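A.B. asks: Sharing a structure below in structure tokens format, with a few things to ask.
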Amino acid sequence: MKNANSLTKGQPFEEGGAVPAFVLILISTAAAVALFFFFTAGIPLIQAGLLADFGEGKKRYVKAARLSVLLLGTGLMLLRWKCPRIFDRLWLVRAARRTLSFPLGTNIAVLFFIYGLTLSAVSVLRHAALETRAFDLGIFAQAVWTTLHGSFLYSSIKEGICLMGDHVSPLLALLTAPYAVWPDPRTLLILQAFAAAACLFPLAQFVEEKFLDKKTALVFALMYFFFMPTRAAVHEDFHPEVLVEPLMIWAFLWLERGRMKLFLLALAVILAAKENMSGIVFAFGVYAGVFKKKRLLGLALAVFSVAYLFFCTRWLVPHLSGKPYLYTGFYSHLAGADAAGLMGMLADPERWEYLLKVYLPFLYLPFLDPPTLLLTLPVLVQNLLSRNGVARSFNYHYMTGLTPFLFISSAAALLHLRTRFAGVRKHFDIFLAVLLWTAMLRAGAPEYFYGWESARHITARTAMIRSEMAKIPGTAVLLTHNNLVPQAVNRFGVYQFDYAPLPAKAQAAVKRKAGYVAMDARFWEPDTPPLESEKRALLAGGYRVIFEKDDFLILQK
């Protein structure tokens, strides 16, 4: 293992060449300011009234964070090149060396807790701000609650079916144990945040084993720590496939080590998260058969994954829901596509932009290691072919299942480069620095921004709504808005309003046999009858107002 002092090629500080104190103070302060803006986008200064608000939306805050990384990275590289003695004495460099002196496990554990606690806090703030929704936190939280109370994955939100008639996610049944301890949707949000954080452990272990270097392992861990698509998946309510991302890295590790029972167990749990994870199992089968020479195992996994996907989408889901598999519709355009249609899709600049953006934070390294590049393809191809453009957004959960393999493939490619090329070995620290710098440039808005945004929406009014929603009896059937469903989801009967003029809310209340209807002007569905109109219709239909304040009201049958 390399000595931590190999972080720089500069000569150590010598008394004969003293650096003026004011120079060190000035540069150290500049570095501290840059890091402050990277981690907070300057929002504490806005909160203190020392800086004007950048305005609505996150783009300007992303620019502030990105500019700080650009200036910090450029400044550090120039110092290392032109003024190595100043670089050596900079507090940031000394802190980095000090960090490398600790055991890798200690550093990863610290990152794990910071990541898990930070994203948990932001998720809980979103929930308190009424920013979580029926789709998807409400759906999964109700399914876990109903399973806990004797009805396996029942979902009234999905029209009274077992949720496996929508997505085949039996993994949700395992969440009943923590949900029994704290029966609250925030349980799922916190579990998801720490599951995402748990990817740090197998990733660091994999990189350290391959490179025999904890510095490289820590760089990859930091790259994951700042990786925006994973944080975005945690921001977007709850998705069971996020829970199994650590197992994707463990599965790869166990396959590499020849620990086949653990490898197959990991694949089984991954498959239980959602039916489209069968693509990942298929890719593992091809990888094991072609590149690890486990031909029989690889063939069995590939055949089983295809058969399982067909079983889920062609029989199980239609059998439980009474309808065709909904998400096939995202790919229906492929069935009738002619050569011109396929060429048009291949020439689509939006799809090419997505493809380039996926690999950009890794400097396109995965393309230099085709065997592991294969593992990145299942989810990537799903997203590229989907007619739903949201699938190619980094602001949702659609990168889940792709992220672990981007890191694995990048590490494998970098090792390949270091092994084959003396120039890479000689300047390996520079390669690592550029990788980390690129990852930080692509990190998006800091978590401080997301927490601040949600905290600003937590008011006496939102607290009042949450308090009144909690008073609705758990045995009652509730009809309410998408954003209010998670606030009272622990019940067998909860429904959300439709986003269409017909049926109107009063008609929906009759259809759903709702005992309670909660309405709020802030979450009013567009192009639907106004609140006062719906209130009069509900009153005429035998409901009475039991609470009304500030354009929020609850009516009881």
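Residue numbering restarts at 1 for every chain of the structure tokens, chains are lettered A, B, ... in their displayed order, and ligands are numbered from 1 as they appear.
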Please provide as a ChimeraX atom specification all residues within 12 Å of Arg60 of chain A, with the sequence filter that same-chain residues fewer than 6 positions apart are discarded (counting only C-alpha atoms).
C.D. replies: /A:41-43,53-54,66-67,444-446,449
A.B. asks: Residues of segment 137-219 of chain A within 9 Å of segment 257-277 of chain A: nearest atom pair and distance (Å, one decimal) for each, counting only C-alpha atoms, sorted by chain and number, as a Markdown table?
C.D. replies:
| residue | atom | partner | partner_atom | distance |
| --- | --- | --- | --- | --- |
| A:His167 | CA | A:Lys274 | CA | 6.1 |
| A:Val168 | CA | A:Lys274 | CA | 5.2 |
| A:Ser169 | CA | A:Lys274 | CA | 4.7 |
| A:Pro170 | CA | A:Ala272 | CA | 5.4 |
| A:Leu171 | CA | A:Ala272 | CA | 5.1 |
| A:Leu172 | CA | A:Ala273 | CA | 7.5 |
A.B. asks: Would you save the residues from that selection as a CSV table (one decimal), in the first residue's frame, using C-alpha atoms?
C.D. replies:
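Okay, this is what ended up in out-v8.csv:
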chain,number,residue,atom,x,y,z
A,167,HIS,CA,-45.0,-4.3,-9.8
A,168,VAL,CA,-43.7,-7.7,-8.7
A,169,SER,CA,-42.0,-6.6,-5.5
A,170,PRO,CA,-42.3,-9.4,-2.9
A,171,LEU,CA,-39.3,-7.8,-1.1
A,172,LEU,CA,-41.8,-5.3,0.4
A.B. asks: Would you list the contacts of His149 of chain A as a list of chain:residue names, taking every protein, DNA or RNA residue within 12 Å and counting only C-alpha atoms, but skipping same-chain residues closer than 3 positions in sequence?
C.D. replies: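 Counting only the stated atoms, we get A:Gln142, A:Ala143, A:Val144, A:Trp145, A:Thr146, A:Phe152, A:Leu153, A:Tyr154, A:Ala173, A:Thr176, A:Ala177, A:Tyr179, A:Ala180, A:Pro183, A:Asn490, A:Arg491, A:Phe492.
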A.B. asks: Using only C-alpha atoms, which residues sit within 6 Å of segment 213-226 of chain A once same-chain residues fewer than 6 positions away are excluded, as an NGL selection string?
C.D. replies: :A and (1 or 200 or 204 or 207 or 436 or 439 or 443)
A.B. asks: Applying 7 Å and only C-alpha atoms, which residues near segment 317-329 of chain A remain after dropping the ones on its own chain fewer than 2 positions away? List them as JSON, numbers by chain.
C.D. replies: {"A": [161, 162, 164, 165, 166, 312, 313, 314, 315, 331, 332]}
A.B. asks: Just to be explicit: take each residue in the selection above, keep N, CA and C atoms, and write the result as a short mmCIF file (atom, residue, chain, number, x, y, z; two decimals), in the first residue's frame.
C.D. replies:
data_model
loop_
_atom_site.label_atom_id
_atom_site.label_comp_id
_atom_site.auth_asym_id
_atom_site.auth_seq_id
_atom_site.Cartn_x
_atom_site.Cartn_y
_atom_site.Cartn_z
N ILE A 161 -56.01 -3.96 -5.54
CA ILE A 161 -55.35 -5.19 -5.96
C ILE A 161 -54.18 -5.49 -5.03
N CYS A 162 -53.68 -6.72 -5.11
CA CYS A 162 -52.37 -7.02 -4.54
C CYS A 162 -51.35 -6.25 -5.38
N MET A 164 -48.57 -6.78 -6.29
CA MET A 164 -47.81 -7.57 -7.27
C MET A 164 -48.55 -7.64 -8.61
N GLY A 165 -49.77 -7.11 -8.65
CA GLY A 165 -50.47 -6.95 -9.92
C GLY A 165 -50.08 -5.68 -10.63
N ASP A 166 -49.19 -4.92 -10.05
CA ASP A 166 -48.65 -3.71 -10.68
C ASP A 166 -47.15 -3.88 -10.90
N CYS A 312 -43.96 -12.94 -15.00
CA CYS A 312 -44.49 -11.79 -14.26
C CYS A 312 -45.38 -10.93 -15.13
N THR A 313 -44.91 -10.60 -16.33
CA THR A 313 -45.62 -9.62 -17.15
C THR A 313 -46.76 -10.23 -17.97
N ARG A 314 -46.66 -11.50 -18.30
CA ARG A 314 -47.68 -12.12 -19.15
C ARG A 314 -48.72 -12.92 -18.37
N TRP A 315 -48.37 -13.34 -17.14
CA TRP A 315 -49.35 -14.12 -16.38
C TRP A 315 -49.64 -13.54 -15.01
N TYR A 331 -43.09 0.70 -24.12
CA TYR A 331 -42.28 0.13 -25.21
C TYR A 331 -43.15 -0.36 -26.37
N SER A 332 -44.43 -0.01 -26.34
CA SER A 332 -45.35 -0.49 -27.38
C SER A 332 -44.95 0.04 -28.76
#
A.B. asks: Let me make sure I understand: among A:Leu365, A:Leu342, A:His481, A:Thr372, which one has the smallest atom-to-atom distance to Lys292 of chain A if we use only C-alpha atoms?
C.D. replies: A:Thr372
A.B. asks: Excluding Val290 of chain A and any residue of its chain fewer than 4 positions from it, enumerate the residues within 12 Å of it, using only C-alpha atoms, and give them as a ChimeraX atom specification.
C.D. replies: /A:283-286,294-299,302,370-372,374
A.B. asks: I want to know what sits within 7 Å of Phe497 of chain A, based on only C-alpha atoms, with residues of the same chain fewer than 6 positions away left out; could you give that as number ranges by chain?
C.D. replies: A: 479-481, 505
A.B. asks: Could you write out, as a PyMOL selection string, all the residues of segment 88-334 of chain A that DSSP marks as helix (DSSP H, G or I)?
C.D. replies: chain A and resi 88-89+91-100+104-128+134-148+163-165+170-181+185-197+200-211+214-225+228-235+240-243+245-257+260-271+275-291+295-321+326-334
A.B. asks: Taking only C-alpha atoms into account, produce a table as a tab-separated table in which each residue of segment 363-441 of chain A with an atom at most 8 Å from an atom of segment 233-254 of chain A appears once, together with its shortest atom pair and the distance in Å to one decimal, ordered by chain and rising number.
C.D. replies:
residue	atom	partner	partner_atom	distance
A:Asn395	CA	A:Ala233	CA	7.1
A:Tyr396	CA	A:Ala233	CA	5.2
A:His397	CA	A:Ala233	CA	4.1
A:Tyr398	CA	A:Ala233	CA	7.6
A:Met399	CA	A:Ala233	CA	7.8
A:Thr400	CA	A:Val242	CA	6.2
A:Gly401	CA	A:Glu245	CA	6.4
A:Pro404	CA	A:Ile249	CA	6.1
A:Phe405	CA	A:Ile249	CA	7.5
A:Ile408	CA	A:Ile249	CA	7.6
